[in-house]
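Have a look at the structure below, then the notes.
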Amino acid sequence: MDFGLSDEQRAIVATVRDFVRRELVPHEDLVERLDEVPAELAGQIRGRAIGAGLYAANFPAELGGGGLDELAVTLVERELGWTSYALQWLVARPSNILRACEGDQVQTYLLPTVRGERVDCLAMTEPGAGSDVRSMTTRAARDGADWVLNGAKHFISYADVADFVIVFAVTGTDAGPRGERSAISAFLVDKGTRGFTVGRGASSISHRGYHHCELSFADCRVPGSALLGVEGRGFDLLSEWLGASRLTVAATSVGRARRVLDLATDWAATRKQFGQPIGRFQGVGFALADMAARLEAAELLTMRAAWRLTNGAMSDADAAMAKLFASEMLGRVTDQAVQIFGGAGLMSDLPIERFWRDARVERIWDGTSEIQRHIISRSMLRERGA
Ligand SMILES: Cc1cc2nc3c(=O)[nH]c(=O)nc-3n(C[C@H](O)[C@H](O)[C@H](O)COP(=O)(O)OP(=O)(O)OC[C@H]3O[C@@H](n4cnc5c(N)ncnc54)[C@H](O)[C@@H]3O)c2cc1C
């Protein structure tokens, strides 16, 4: 593993960094105040991201994407992590799961989504099925050539903006290692399909302007062609996608922590109490040192996982360790930053309290810290046959 970046990777980082500082950061306060990205602004940003060749960086060039490898995509995500999800998601990327599109799905869903003409979102979580995804109760039943969906999902990010949803539903049972279990399939369902409704969910303290919706399926009929991938194998698609999406959380956590640490260091160097910069007090200086060391460690873990993914060798435990460590590091760094800023850290005229709020969700979505620990320890015990 080479710890240096190639010229090409450095150029990618510089391009994204410049885009984020110029096109996204200036809108942060507005988005925070409105709790939304005005549609016209969102369209402009997405258009500029497409123009700059940054949109859908994770898809192959033949499909109209950026054609970057996973390591380069992780660098892009690290740079996007500098700003909030509401803004970075306008530049980000369609779900990797769409690579499973076949036949007409390619023209209807995959290609327009990679071009930025359509927007996807992904729905697996339900009020009764969070960490235990397989316990979902949304069902899809065959009726002639069609499927009929019934059930409810919640916490579905971006469903208010998306044109279609990749939804997971139980379609039967299969034999698992511990006996019979639900077999889950994935479906592509357009907004506006009869029986499918999207409601604005409760608002979250993290990432204002990036909303999480409630979906309802009541006798929602979709054609047979809405099935994404193989019937009953939706969980495999999900598991394949989760590794990459956990790396996204790790990379964006690293990017955001870097910004917070920069601000905290500036503050510690300039804010004076007792006649000297507060950073000279050991209590503050050591906190900065801990923040920097944790950040470097999280970045190394994340980049190592990304390098392994690029080389086809990333394990579930690699992605879980990166997500666990980086998201917990971000929580710690933002909390220490609030402390270093003192009262000013809690006031809304500085972004520190926002970073602290935004950081909290990273330990929950895409699998909680406990679930990541479960994945890591299970892989360790399996090696010993336990
Ligand atoms: C802001 C936000 C956006 C989201 N966006 C989406 C989205 O777009 N699409 C989507 O499908 N989902 C989305 N989610 C759902 C997210 O993935 C779940 O919230 C997450 O998986 C945890 O599920 P839960 O909230 O139901 O918590 P629960 O599963 O109820 O967990 C509660 C607590 O119990 C612990 N716990 C549970 N099981 C175990 C175990 N086996 N061992 C140890 N501890 C355990 C958890 O770690 C946690 O601390 C989003 C969530 C949030 C908060």
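Ordering of the structure tokens sets the chain letters (A, B, ...); residue numbers start at 1 within each chain; ligands are numbered from 1 in the order shown.
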
Taking only C-alpha atoms and all ligand atoms into account, which residues have an atom no farther than 9 Å from ligand 1? I'd like them as a PyMOL selection string. chain A and resi 121-133+153-159+167-168+203-207+210-213+361-374

Which of stretch 42-211 of chain A end up as alpha helix (DSSP H) when DSSP is run on this backbone - answer as a count of residues only? 31

For a quick check of understanding, using only C-alpha atoms, which of A:Trp241, A:Trp89, A:Phe217, A:Phe187 has the smallest distance to A:Ala162?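 Checking each candidate against A:Ala162, we get A:Trp89 as the closest.
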
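What separates atom CA of A:Val73 from atom CA of A:Asn58 is a distance of 6.0 Å.
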
Check the smallest atom-to-atom distance from each of A:Ile278, A:Val284, A:Val249, A:Leu75 to A:Ala326 using only C-alpha atoms, then report the winner.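 For A:Ala326, the nearest of the given residues is A:Val249.
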
Could you pull out the strand (DSSP E or B) residues of stretch 188-311 of chain A from DSSP and send them as JSON, numbers by chain? {"A": [188, 189, 190, 196, 197, 198, 199, 200, 212, 213, 214, 215, 216, 217, 218, 219, 220, 221, 222, 227, 228, 233, 272, 273, 276, 277]}

Just want the 8 Å neighbourhood of A:Thr197, counted on only C-alpha atoms, with same-chain residues fewer than 5 positions away dropped. Output as a PyMOL selection string. chain A and resi 191-192+215-217

For A:Gly64, list every protein, DNA or RNA residue within 9 Å, evaluated using only C-alpha atoms, and leave out those in the same chain fewer than 6 positions away; present the list as a list in words.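 The contact residues come out as Ala56, Leu111, Val114 and Arg115 of chain A.
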
Taken to one decimal, the atom CA of A:Asp190-atom CA of A:Ala141 distance is 17.8 Å

If we count only C-alpha atoms and set the cut-off at 10 Å, which residues sit around A:Ala86, ignoring sequence neighbours fewer than 3 positions away in its own chain? Please answer as JSON, numbers by chain. {"A": [24, 28, 31, 32, 35, 36, 37, 42, 83, 89, 90, 91, 158, 207, 208, 209, 210, 211]}

With the cut-off set at 12 Å and counting only C-alpha atoms, tabulate each residue of stretch 261-303 of chain A with an atom at most that distance from an atom of stretch 309-323 of chain A, showing the nearest atom pair and its distance in Å to one decimal, ordered by chain and increasing number, as JSON lines.
```
{"residue": "A:Leu295", "atom": "CA", "partner": "A:Ala322", "partner_atom": "CA", "distance": 11.6}
{"residue": "A:Ala297", "atom": "CA", "partner": "A:Ala322", "partner_atom": "CA", "distance": 9.7}
{"residue": "A:Ala298", "atom": "CA", "partner": "A:Ala322", "partner_atom": "CA", "distance": 6.7}
{"residue": "A:Glu299", "atom": "CA", "partner": "A:Ala322", "partner_atom": "CA", "distance": 8.3}
{"residue": "A:Leu300", "atom": "CA", "partner": "A:Ala322", "partner_atom": "CA", "distance": 8.8}
{"residue": "A:Leu301", "atom": "CA", "partner": "A:Ala322", "partner_atom": "CA", "distance": 5.4}
{"residue": "A:Thr302", "atom": "CA", "partner": "A:Ala322", "partner_atom": "CA", "distance": 5.0}
{"residue": "A:Met303", "atom": "CA", "partner": "A:Ala322", "partner_atom": "CA", "distance": 8.6}
```

Just to be explicit: take each residue in the selection above, keep N, CA and C atoms, and write the result as a PDB file, in the first residue's frame.
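The new file again.pdb reads:
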```pdb
ATOM      1  N   LEU A 295      -7.941  11.562  14.442  1.00  0.00           N
ATOM      2  CA  LEU A 295      -8.314  11.856  13.054  1.00  0.00           C
ATOM      3  C   LEU A 295      -7.374  11.147  12.078  1.00  0.00           C
ATOM      4  N   ALA A 297      -5.628   8.479  12.610  1.00  0.00           N
ATOM      5  CA  ALA A 297      -5.861   7.024  12.680  1.00  0.00           C
ATOM      6  C   ALA A 297      -7.121   6.654  11.902  1.00  0.00           C
ATOM      7  N   ALA A 298      -8.179   7.466  12.044  1.00  0.00           N
ATOM      8  CA  ALA A 298      -9.438   7.181  11.334  1.00  0.00           C
ATOM      9  C   ALA A 298      -9.213   7.279   9.829  1.00  0.00           C
ATOM     10  N   GLU A 299      -8.426   8.257   9.424  1.00  0.00           N
ATOM     11  CA  GLU A 299      -8.191   8.426   7.986  1.00  0.00           C
ATOM     12  C   GLU A 299      -7.409   7.226   7.427  1.00  0.00           C
ATOM     13  N   LEU A 300      -6.422   6.790   8.165  1.00  0.00           N
ATOM     14  CA  LEU A 300      -5.644   5.632   7.696  1.00  0.00           C
ATOM     15  C   LEU A 300      -6.524   4.386   7.574  1.00  0.00           C
ATOM     16  N   LEU A 301      -7.367   4.168   8.580  1.00  0.00           N
ATOM     17  CA  LEU A 301      -8.250   2.995   8.566  1.00  0.00           C
ATOM     18  C   LEU A 301      -9.220   3.071   7.381  1.00  0.00           C
ATOM     19  N   THR A 302      -9.727   4.273   7.140  1.00  0.00           N
ATOM     20  CA  THR A 302     -10.688   4.463   6.044  1.00  0.00           C
ATOM     21  C   THR A 302     -10.011   4.248   4.695  1.00  0.00           C
ATOM     22  N   MET A 303      -8.838   4.841   4.539  1.00  0.00           N
ATOM     23  CA  MET A 303      -8.151   4.726   3.254  1.00  0.00           C
ATOM     24  C   MET A 303      -7.650   3.296   3.020  1.00  0.00           C
TER      25      MET A 303
END
```
